[in-house]
file work31.cif (mmCIF, C-alpha atoms)
data_coords
#
loop_
_atom_site.label_atom_id
_atom_site.label_comp_id
_atom_site.auth_asym_id
_atom_site.auth_seq_id
_atom_site.Cartn_x
_atom_site.Cartn_y
_atom_site.Cartn_z
CA MET A 1 -26.82 -46.36 76.92
CA ASN A 2 -26.02 -48.23 73.71
CA ALA A 3 -25.55 -51.96 73.95
CA GLU A 4 -22.24 -53.27 72.65
CA THR A 5 -22.53 -55.48 69.58
CA LYS A 6 -19.67 -57.72 68.50
CA LEU A 7 -19.19 -60.31 65.79
CA ARG A 8 -17.05 -63.28 66.81
CA LYS A 9 -16.32 -66.82 65.72
CA ALA A 10 -18.67 -69.35 67.29
CA GLU A 11 -17.13 -71.81 69.76
CA ILE A 12 -18.30 -75.37 70.29
CA GLU A 13 -19.67 -74.28 73.73
CA ASP A 14 -22.05 -71.96 71.84
CA ARG A 15 -23.73 -74.79 69.95
CA ASN A 16 -26.76 -75.28 72.23
CA ALA A 17 -27.50 -71.54 72.30
CA ILE A 18 -27.12 -71.36 68.51
CA TRP A 19 -29.31 -74.41 67.94
CA ALA A 20 -32.03 -72.91 70.19
CA ILE A 21 -31.96 -69.70 68.10
CA ILE A 22 -32.15 -71.67 64.82
CA GLN A 23 -35.11 -73.69 66.15
CA GLN A 24 -36.93 -70.43 66.97
CA SER A 25 -36.22 -69.19 63.44
CA ILE A 26 -37.49 -72.43 61.90
CA GLU A 27 -40.70 -72.01 63.91
CA ARG A 28 -41.05 -68.31 62.93
CA ARG A 29 -40.65 -69.16 59.23
CA LYS A 30 -43.34 -71.80 59.65
CA GLN A 31 -45.68 -69.28 61.33
CA ASP A 32 -44.99 -66.85 58.46
CA GLY A 33 -46.03 -69.56 55.99
CA SER A 34 -42.50 -69.84 54.54
CA THR A 35 -41.25 -73.10 53.08
CA GLN A 36 -37.65 -72.20 53.99
CA TRP A 37 -35.95 -74.42 56.63
CA GLN A 38 -38.99 -76.69 56.96
CA ASN A 39 -37.35 -79.99 55.93
CA GLY A 40 -34.90 -80.82 58.71
CA TYR A 41 -32.21 -78.37 57.59
CA PRO A 42 -30.43 -76.67 59.24
CA ASN A 43 -29.99 -79.00 62.21
CA MET A 44 -27.59 -79.48 65.13
CA GLY A 45 -25.19 -81.32 62.78
CA THR A 46 -25.15 -78.25 60.51
CA VAL A 47 -24.23 -76.03 63.47
CA GLU A 48 -21.46 -78.37 64.67
CA SER A 49 -20.07 -78.61 61.13
CA ASP A 50 -20.11 -74.79 60.73
CA ILE A 51 -18.21 -74.38 64.00
CA ALA A 52 -15.70 -77.13 63.17
CA LYS A 53 -14.98 -75.57 59.76
CA GLY A 54 -14.67 -72.06 61.23
CA PHE A 55 -17.77 -70.80 59.34
CA GLY A 56 -19.97 -70.20 62.37
CA TYR A 57 -20.21 -66.62 63.69
CA VAL A 58 -22.31 -65.07 66.42
CA MET A 59 -23.24 -61.46 66.96
CA THR A 60 -23.43 -60.72 70.65
CA ILE A 61 -25.25 -57.91 72.46
CA ASP A 62 -23.41 -57.13 75.70
CA GLY A 63 -21.94 -60.64 75.54
CA GLU A 64 -25.22 -62.46 74.90
CA ILE A 65 -25.70 -64.29 71.59
CA ALA A 66 -28.39 -62.50 69.58
CA VAL A 67 -27.74 -63.62 66.00
CA TYR A 68 -26.10 -66.59 64.28
CA ALA A 69 -24.70 -66.67 60.75
CA ALA A 70 -22.40 -68.85 58.70
CA LEU A 71 -19.75 -66.86 56.80
CA ILE A 72 -18.05 -68.90 54.11
CA LEU A 73 -15.17 -67.63 51.97
CA ASN A 74 -15.27 -68.17 48.20
CA ASP A 75 -17.12 -71.44 48.44
CA GLU A 76 -20.71 -72.01 47.44
CA PRO A 77 -20.91 -74.55 44.59
CA ALA A 78 -24.52 -73.52 43.87
CA TYR A 79 -23.28 -69.99 43.05
CA SER A 80 -21.17 -71.15 40.10
CA THR A 81 -24.36 -71.61 38.08
CA ILE A 82 -26.57 -68.55 38.36
CA GLU A 83 -29.53 -67.78 36.16
CA GLY A 84 -28.43 -64.18 35.73
CA ALA A 85 -24.99 -62.71 36.50
CA TRP A 86 -22.97 -61.83 39.58
CA LEU A 87 -21.55 -58.30 39.80
CA SER A 88 -17.99 -59.58 40.23
CA ASP A 89 -15.87 -62.69 39.99
CA GLY A 90 -13.37 -61.84 42.73
CA GLU A 91 -13.18 -63.20 46.26
CA PHE A 92 -16.43 -63.17 48.21
CA VAL A 93 -18.02 -63.92 51.55
CA VAL A 94 -21.17 -66.05 51.44
CA VAL A 95 -23.73 -65.41 54.19
CA HIS A 96 -25.86 -68.45 55.10
CA ARG A 97 -28.11 -69.57 57.95
CA VAL A 98 -28.93 -66.19 59.48
CA ALA A 99 -31.01 -66.68 62.63
CA VAL A 100 -32.05 -64.15 65.28
CA ASP A 101 -32.95 -64.93 68.89
CA GLY A 102 -36.67 -64.21 69.33
CA LYS A 103 -36.11 -61.81 72.20
CA PHE A 104 -34.00 -59.62 69.90
CA ALA A 105 -36.36 -59.95 66.91
CA GLY A 106 -37.69 -56.77 65.31
CA GLN A 107 -34.82 -54.64 66.63
CA GLY A 108 -32.80 -54.27 63.43
CA MET A 109 -30.37 -57.05 64.42
CA VAL A 110 -29.90 -58.41 60.91
CA LYS A 111 -29.05 -54.95 59.59
CA LYS A 112 -26.44 -54.66 62.38
CA LEU A 113 -25.18 -58.14 61.47
CA PHE A 114 -24.69 -57.06 57.85
CA ASP A 115 -22.78 -53.95 59.03
CA HIS A 116 -20.43 -56.26 60.94
CA ILE A 117 -20.11 -58.62 57.96
CA GLU A 118 -19.23 -55.67 55.71
CA ASP A 119 -16.51 -54.60 58.19
CA PHE A 120 -15.25 -58.20 58.33
CA THR A 121 -15.18 -58.40 54.51
CA LYS A 122 -13.34 -55.08 54.21
CA SER A 123 -10.79 -55.96 56.89
CA HIS A 124 -9.98 -59.22 55.08
CA GLU A 125 -9.69 -57.30 51.76
CA ILE A 126 -12.41 -59.40 50.16
CA GLN A 127 -14.21 -57.89 47.19
CA SER A 128 -17.86 -58.66 47.80
CA ILE A 129 -20.61 -60.33 49.81
CA LYS A 130 -22.99 -62.80 48.17
CA VAL A 131 -26.20 -63.98 49.75
CA ASP A 132 -29.34 -65.82 48.70
CA THR A 133 -32.78 -66.06 50.21
CA ASN A 134 -36.15 -67.63 49.65
CA TYR A 135 -38.72 -65.79 47.51
CA ASP A 136 -41.05 -65.78 50.50
CA ASN A 137 -38.53 -64.44 53.05
CA ILE A 138 -39.87 -60.89 52.79
CA ALA A 139 -38.00 -59.59 55.85
CA MET A 140 -34.61 -60.62 54.43
CA LEU A 141 -35.45 -59.30 50.96
CA LYS A 142 -36.28 -55.88 52.47
CA ILE A 143 -33.05 -55.86 54.51
CA LEU A 144 -30.91 -56.71 51.47
CA GLU A 145 -32.52 -53.91 49.48
CA SER A 146 -32.09 -51.42 52.33
CA LYS A 147 -28.39 -52.38 52.67
CA GLY A 148 -27.71 -51.76 48.98
CA TYR A 149 -27.45 -55.34 47.72
CA SER A 150 -28.11 -55.86 44.01
CA TYR A 151 -30.40 -58.61 42.74
CA CYS A 152 -28.28 -60.79 40.46
CA GLY A 153 -30.59 -63.65 39.49
CA GLU A 154 -31.57 -67.08 40.71
CA VAL A 155 -29.55 -69.94 42.17
CA VAL A 156 -30.65 -73.48 42.99
CA LEU A 157 -29.83 -74.76 46.46
CA ALA A 158 -30.68 -78.13 47.98
CA ASP A 159 -34.06 -76.86 49.14
CA GLY A 160 -34.99 -75.07 45.94
CA LEU A 161 -34.81 -71.86 43.95
CA ARG A 162 -33.43 -68.78 45.68
CA LYS A 163 -33.01 -65.09 44.86
CA ALA A 164 -29.32 -64.19 44.79
CA TYR A 165 -27.82 -60.83 45.78
CA GLU A 166 -24.36 -59.28 45.82
CA LYS A 167 -22.77 -56.15 47.20
CA ILE A 168 -19.30 -54.90 46.20
CA ILE A 169 -17.37 -53.91 49.31
CA ILE A 170 -13.93 -52.96 47.96
#

call {"tool": "encode", "arguments": {"input": "work31.cif", "output": "structure tokens"}}
result
Amino acid sequence: MNAETKLRKAEIEDRNAIWAIIQQSIERRKQDGSTQWQNGYPNMGTVESDIAKGFGYVMTIDGEIAVYAALILNDEPAYSTIEGAWLSDGEFVVVHRVAVDGKFAGQGMVKKLFDHIEDFTKSHEIQSIKVDTNYDNIAMLKILESKGYSYCGEVVLADGLRKAYEKIII
């Protein structure tokens, strides 16, 4: 039987579960030798801020939180200066802080998450999805390519240079 996956807004009661998932992801990146998320960001304050601003989303499997992501509409100051060019200049959803619970790792959860984000984007009549990732986050780079995202160039975020991708949805 197929498990039911749902994307929903994170509630403040979810914060401990979300923070536990992010801590696992920070540790996995470290084990993988990645520099991403190794300097105290994201932290519990980041999670609480995401939830308060309505950016925090969780993907649940049969009601259990499996994946966390921040979905931000039209607002990523770092994206206004790209070394390269975005595909569009319409409204967009930014995907940040994707983290998967270890017990669901390696099961295609992030691909499922992106399916849900594409549905969310379409239902809100938003033109595209923009996302960036570290050069050394090979898993995410592979997922973005498999989901049809186009490499647009480089952006500079607080923790360094990132590869930036976009996919036109409508």

call {"tool": "resolve_selection", "arguments": {"input": "work31.cif", "expression": "the PyMOL selection byres ((chain A and resi 168) around 7)", "output": "CSV table (one decimal) with C-alpha atoms, keeping the file's coordinate frame"}}
result
chain,number,residue,atom,x,y,z
A,127,GLN,CA,-14.2,-57.9,47.2
A,128,SER,CA,-17.9,-58.7,47.8
A,129,ILE,CA,-20.6,-60.3,49.8
A,166,GLU,CA,-24.4,-59.3,45.8
A,167,LYS,CA,-22.8,-56.2,47.2
A,169,ILE,CA,-17.4,-53.9,49.3
A,170,ILE,CA,-13.9,-53.0,48.0

call {"tool": "resolve_selection", "arguments": {"input": "work31.cif", "expression": "the PyMOL selection byres ((chain A and resi 76) around 12)", "output": "list in words"}}
result
Ala70, Leu71, Ile72, Leu73, Asn74, Asp75, Pro77, Ala78, Tyr79, Ser80, Thr81, Ile82, Glu91, Phe92, Val93, Val94, Val95, His96, Ile129, Lys130, Val131, Asp132, Val155, Val156, Leu157, Ala158 and Ala164 of chain A

call {"tool": "resolve_selection", "arguments": {"input": "work31.cif", "expression": "the PyMOL selection byres ((chain A and resi 6-23) around 6)", "output": "list in words"}}
result
Thr5, Gln24, Ser25, Ile26, Gly56, Tyr57, Val58, Met59, Thr60, Ala99 and Asp101 of chain A

call {"tool": "write_last_selection", "arguments": {"input": "work31.cif", "atoms": "C-alpha atoms", "output": "CSV table (one decimal), keeping the file's coordinate frame"}}
result
chain,number,residue,atom,x,y,z
A,5,THR,CA,-22.5,-55.5,69.6
A,24,GLN,CA,-36.9,-70.4,67.0
A,25,SER,CA,-36.2,-69.2,63.4
A,26,ILE,CA,-37.5,-72.4,61.9
A,56,GLY,CA,-20.0,-70.2,62.4
A,57,TYR,CA,-20.2,-66.6,63.7
A,58,VAL,CA,-22.3,-65.1,66.4
A,59,MET,CA,-23.2,-61.5,67.0
A,60,THR,CA,-23.4,-60.7,70.6
A,99,ALA,CA,-31.0,-66.7,62.6
A,101,ASP,CA,-33.0,-64.9,68.9

call {"tool": "residues_around", "arguments": {"input": "work31.cif", "residues": "Asn134 (chain A)", "least_positions_apart": "5", "cutoff": "9 Å", "atoms": "only C-alpha atoms", "output": "ChimeraX atom specification"}}
result
/A:34-36,140-141,160-163

call {"tool": "atom_distance", "arguments": {"input": "work31.cif", "atom1": "CA of Gly40 (chain A)", "atom2": "CA of Glu118 (chain A)"}}
result
29.8 Å

call {"tool": "decode", "arguments": {"input": "work31.cif", "residues": "region 91-103 of chain A", "atoms": "all heavy atoms", "output": "PDB file, in the first residue's frame"}}
result
ATOM      1  N   GLU A  91       6.922  36.088 -10.959  1.00  0.00           N
ATOM      2  CA  GLU A  91       6.847  35.652  -9.566  1.00  0.00           C
ATOM      3  C   GLU A  91       7.498  34.281  -9.420  1.00  0.00           C
ATOM      4  O   GLU A  91       7.473  33.471 -10.345  1.00  0.00           O
ATOM      5  CB  GLU A  91       5.383  35.563  -9.130  1.00  0.00           C
ATOM      6  CG  GLU A  91       4.692  36.898  -9.075  1.00  0.00           C
ATOM      7  CD  GLU A  91       3.513  36.854  -8.104  1.00  0.00           C
ATOM      8  OE1 GLU A  91       2.661  35.962  -8.260  1.00  0.00           O
ATOM      9  OE2 GLU A  91       3.475  37.698  -7.197  1.00  0.00           O
ATOM     10  N   PHE A  92       8.077  34.034  -8.255  1.00  0.00           N
ATOM     11  CA  PHE A  92       8.768  32.758  -8.061  1.00  0.00           C
ATOM     12  C   PHE A  92       8.664  32.297  -6.612  1.00  0.00           C
ATOM     13  O   PHE A  92       8.437  33.080  -5.702  1.00  0.00           O
ATOM     14  CB  PHE A  92      10.238  32.861  -8.490  1.00  0.00           C
ATOM     15  CG  PHE A  92      11.036  33.928  -7.762  1.00  0.00           C
ATOM     16  CD1 PHE A  92      11.754  33.613  -6.616  1.00  0.00           C
ATOM     17  CD2 PHE A  92      11.063  35.233  -8.235  1.00  0.00           C
ATOM     18  CE1 PHE A  92      12.496  34.584  -5.948  1.00  0.00           C
ATOM     19  CE2 PHE A  92      11.804  36.218  -7.572  1.00  0.00           C
ATOM     20  CZ  PHE A  92      12.517  35.890  -6.422  1.00  0.00           C
ATOM     21  N   VAL A  93       8.834  30.990  -6.448  1.00  0.00           N
ATOM     22  CA  VAL A  93       8.952  30.377  -5.129  1.00  0.00           C
ATOM     23  C   VAL A  93      10.428  30.028  -4.944  1.00  0.00           C
ATOM     24  O   VAL A  93      11.035  29.416  -5.822  1.00  0.00           O
ATOM     25  CB  VAL A  93       8.110  29.076  -5.035  1.00  0.00           C
ATOM     26  CG1 VAL A  93       8.380  28.349  -3.711  1.00  0.00           C
ATOM     27  CG2 VAL A  93       6.626  29.382  -5.177  1.00  0.00           C
ATOM     28  N   VAL A  94      10.990  30.445  -3.812  1.00  0.00           N
ATOM     29  CA  VAL A  94      12.358  30.067  -3.463  1.00  0.00           C
ATOM     30  C   VAL A  94      12.287  28.888  -2.502  1.00  0.00           C
ATOM     31  O   VAL A  94      11.514  28.920  -1.545  1.00  0.00           O
ATOM     32  CB  VAL A  94      13.098  31.222  -2.743  1.00  0.00           C
ATOM     33  CG1 VAL A  94      14.534  30.801  -2.409  1.00  0.00           C
ATOM     34  CG2 VAL A  94      13.102  32.478  -3.588  1.00  0.00           C
ATOM     35  N   VAL A  95      13.090  27.856  -2.768  1.00  0.00           N
ATOM     36  CA  VAL A  95      13.156  26.693  -1.878  1.00  0.00           C
ATOM     37  C   VAL A  95      14.474  26.763  -1.109  1.00  0.00           C
ATOM     38  O   VAL A  95      15.550  26.779  -1.706  1.00  0.00           O
ATOM     39  CB  VAL A  95      13.103  25.372  -2.673  1.00  0.00           C
ATOM     40  CG1 VAL A  95      13.092  24.183  -1.715  1.00  0.00           C
ATOM     41  CG2 VAL A  95      11.889  25.341  -3.596  1.00  0.00           C
ATOM     42  N   HIS A  96      14.367  26.840   0.224  1.00  0.00           N
ATOM     43  CA  HIS A  96      15.556  26.861   1.080  1.00  0.00           C
ATOM     44  C   HIS A  96      15.435  25.785   2.156  1.00  0.00           C
ATOM     45  O   HIS A  96      14.331  25.321   2.462  1.00  0.00           O
ATOM     46  CB  HIS A  96      15.685  28.213   1.782  1.00  0.00           C
ATOM     47  CG  HIS A  96      16.340  29.286   0.971  1.00  0.00           C
ATOM     48  ND1 HIS A  96      17.378  29.060   0.093  1.00  0.00           N
ATOM     49  CD2 HIS A  96      16.117  30.627   0.921  1.00  0.00           C
ATOM     50  CE1 HIS A  96      17.747  30.211  -0.449  1.00  0.00           C
ATOM     51  NE2 HIS A  96      17.004  31.172   0.028  1.00  0.00           N
ATOM     52  N   ARG A  97      16.576  25.463   2.764  1.00  0.00           N
ATOM     53  CA  ARG A  97      16.617  24.655   3.988  1.00  0.00           C
ATOM     54  C   ARG A  97      15.917  23.305   3.876  1.00  0.00           C
ATOM     55  O   ARG A  97      15.152  22.908   4.755  1.00  0.00           O
ATOM     56  CB  ARG A  97      16.044  25.455   5.164  1.00  0.00           C
ATOM     57  CG  ARG A  97      16.873  26.696   5.461  1.00  0.00           C
ATOM     58  CD  ARG A  97      16.424  27.420   6.684  1.00  0.00           C
ATOM     59  NE  ARG A  97      15.370  28.401   6.485  1.00  0.00           N
ATOM     60  CZ  ARG A  97      15.488  29.565   5.846  1.00  0.00           C
ATOM     61  NH1 ARG A  97      16.634  29.899   5.268  1.00  0.00           N
ATOM     62  NH2 ARG A  97      14.474  30.396   5.760  1.00  0.00           N
ATOM     63  N   VAL A  98      16.168  22.601   2.788  1.00  0.00           N
ATOM     64  CA  VAL A  98      15.573  21.268   2.620  1.00  0.00           C
ATOM     65  C   VAL A  98      16.315  20.269   3.511  1.00  0.00           C
ATOM     66  O   VAL A  98      17.536  20.166   3.443  1.00  0.00           O
ATOM     67  CB  VAL A  98      15.648  20.814   1.140  1.00  0.00           C
ATOM     68  CG1 VAL A  98      15.159  19.373   0.996  1.00  0.00           C
ATOM     69  CG2 VAL A  98      14.844  21.759   0.250  1.00  0.00           C
ATOM     70  N   ALA A  99      15.557  19.573   4.352  1.00  0.00           N
ATOM     71  CA  ALA A  99      16.163  18.593   5.265  1.00  0.00           C
ATOM     72  C   ALA A  99      15.253  17.374   5.375  1.00  0.00           C
ATOM     73  O   ALA A  99      14.038  17.521   5.520  1.00  0.00           O
ATOM     74  CB  ALA A  99      16.371  19.221   6.646  1.00  0.00           C
ATOM     75  N   VAL A 100      15.860  16.192   5.281  1.00  0.00           N
ATOM     76  CA  VAL A 100      15.111  14.930   5.301  1.00  0.00           C
ATOM     77  C   VAL A 100      15.432  14.164   6.583  1.00  0.00           C
ATOM     78  O   VAL A 100      16.599  14.043   6.961  1.00  0.00           O
ATOM     79  CB  VAL A 100      15.488  14.044   4.085  1.00  0.00           C
ATOM     80  CG1 VAL A 100      14.704  12.735   4.099  1.00  0.00           C
ATOM     81  CG2 VAL A 100      15.262  14.793   2.781  1.00  0.00           C
ATOM     82  N   ASP A 101      14.406  13.639   7.223  1.00  0.00           N
ATOM     83  CA  ASP A 101      14.598  12.777   8.391  1.00  0.00           C
ATOM     84  C   ASP A 101      15.401  11.555   7.964  1.00  0.00           C
ATOM     85  O   ASP A 101      15.097  10.932   6.933  1.00  0.00           O
ATOM     86  CB  ASP A 101      13.222  12.348   8.928  1.00  0.00           C
ATOM     87  CG  ASP A 101      13.316  11.572  10.234  1.00  0.00           C
ATOM     88  OD1 ASP A 101      14.272  10.787  10.405  1.00  0.00           O
ATOM     89  OD2 ASP A 101      12.427  11.736  11.076  1.00  0.00           O
ATOM     90  N   GLY A 102      16.427  11.223   8.742  1.00  0.00           N
ATOM     91  CA  GLY A 102      17.328  10.116   8.406  1.00  0.00           C
ATOM     92  C   GLY A 102      16.619   8.805   8.108  1.00  0.00           C
ATOM     93  O   GLY A 102      17.034   8.048   7.242  1.00  0.00           O
ATOM     94  N   LYS A 103      15.516   8.544   8.817  1.00  0.00           N
ATOM     95  CA  LYS A 103      14.864   7.251   8.590  1.00  0.00           C
ATOM     96  C   LYS A 103      14.132   7.203   7.252  1.00  0.00           C
ATOM     97  O   LYS A 103      13.754   6.136   6.790  1.00  0.00           O
ATOM     98  CB  LYS A 103      13.957   6.887   9.760  1.00  0.00           C
ATOM     99  CG  LYS A 103      12.639   7.546   9.825  1.00  0.00           C
ATOM    100  CD  LYS A 103      11.901   6.956  11.020  1.00  0.00           C
ATOM    101  CE  LYS A 103      10.428   7.160  10.906  1.00  0.00           C
ATOM    102  NZ  LYS A 103       9.761   6.933  12.174  1.00  0.00           N
TER     103      LYS A 103
END
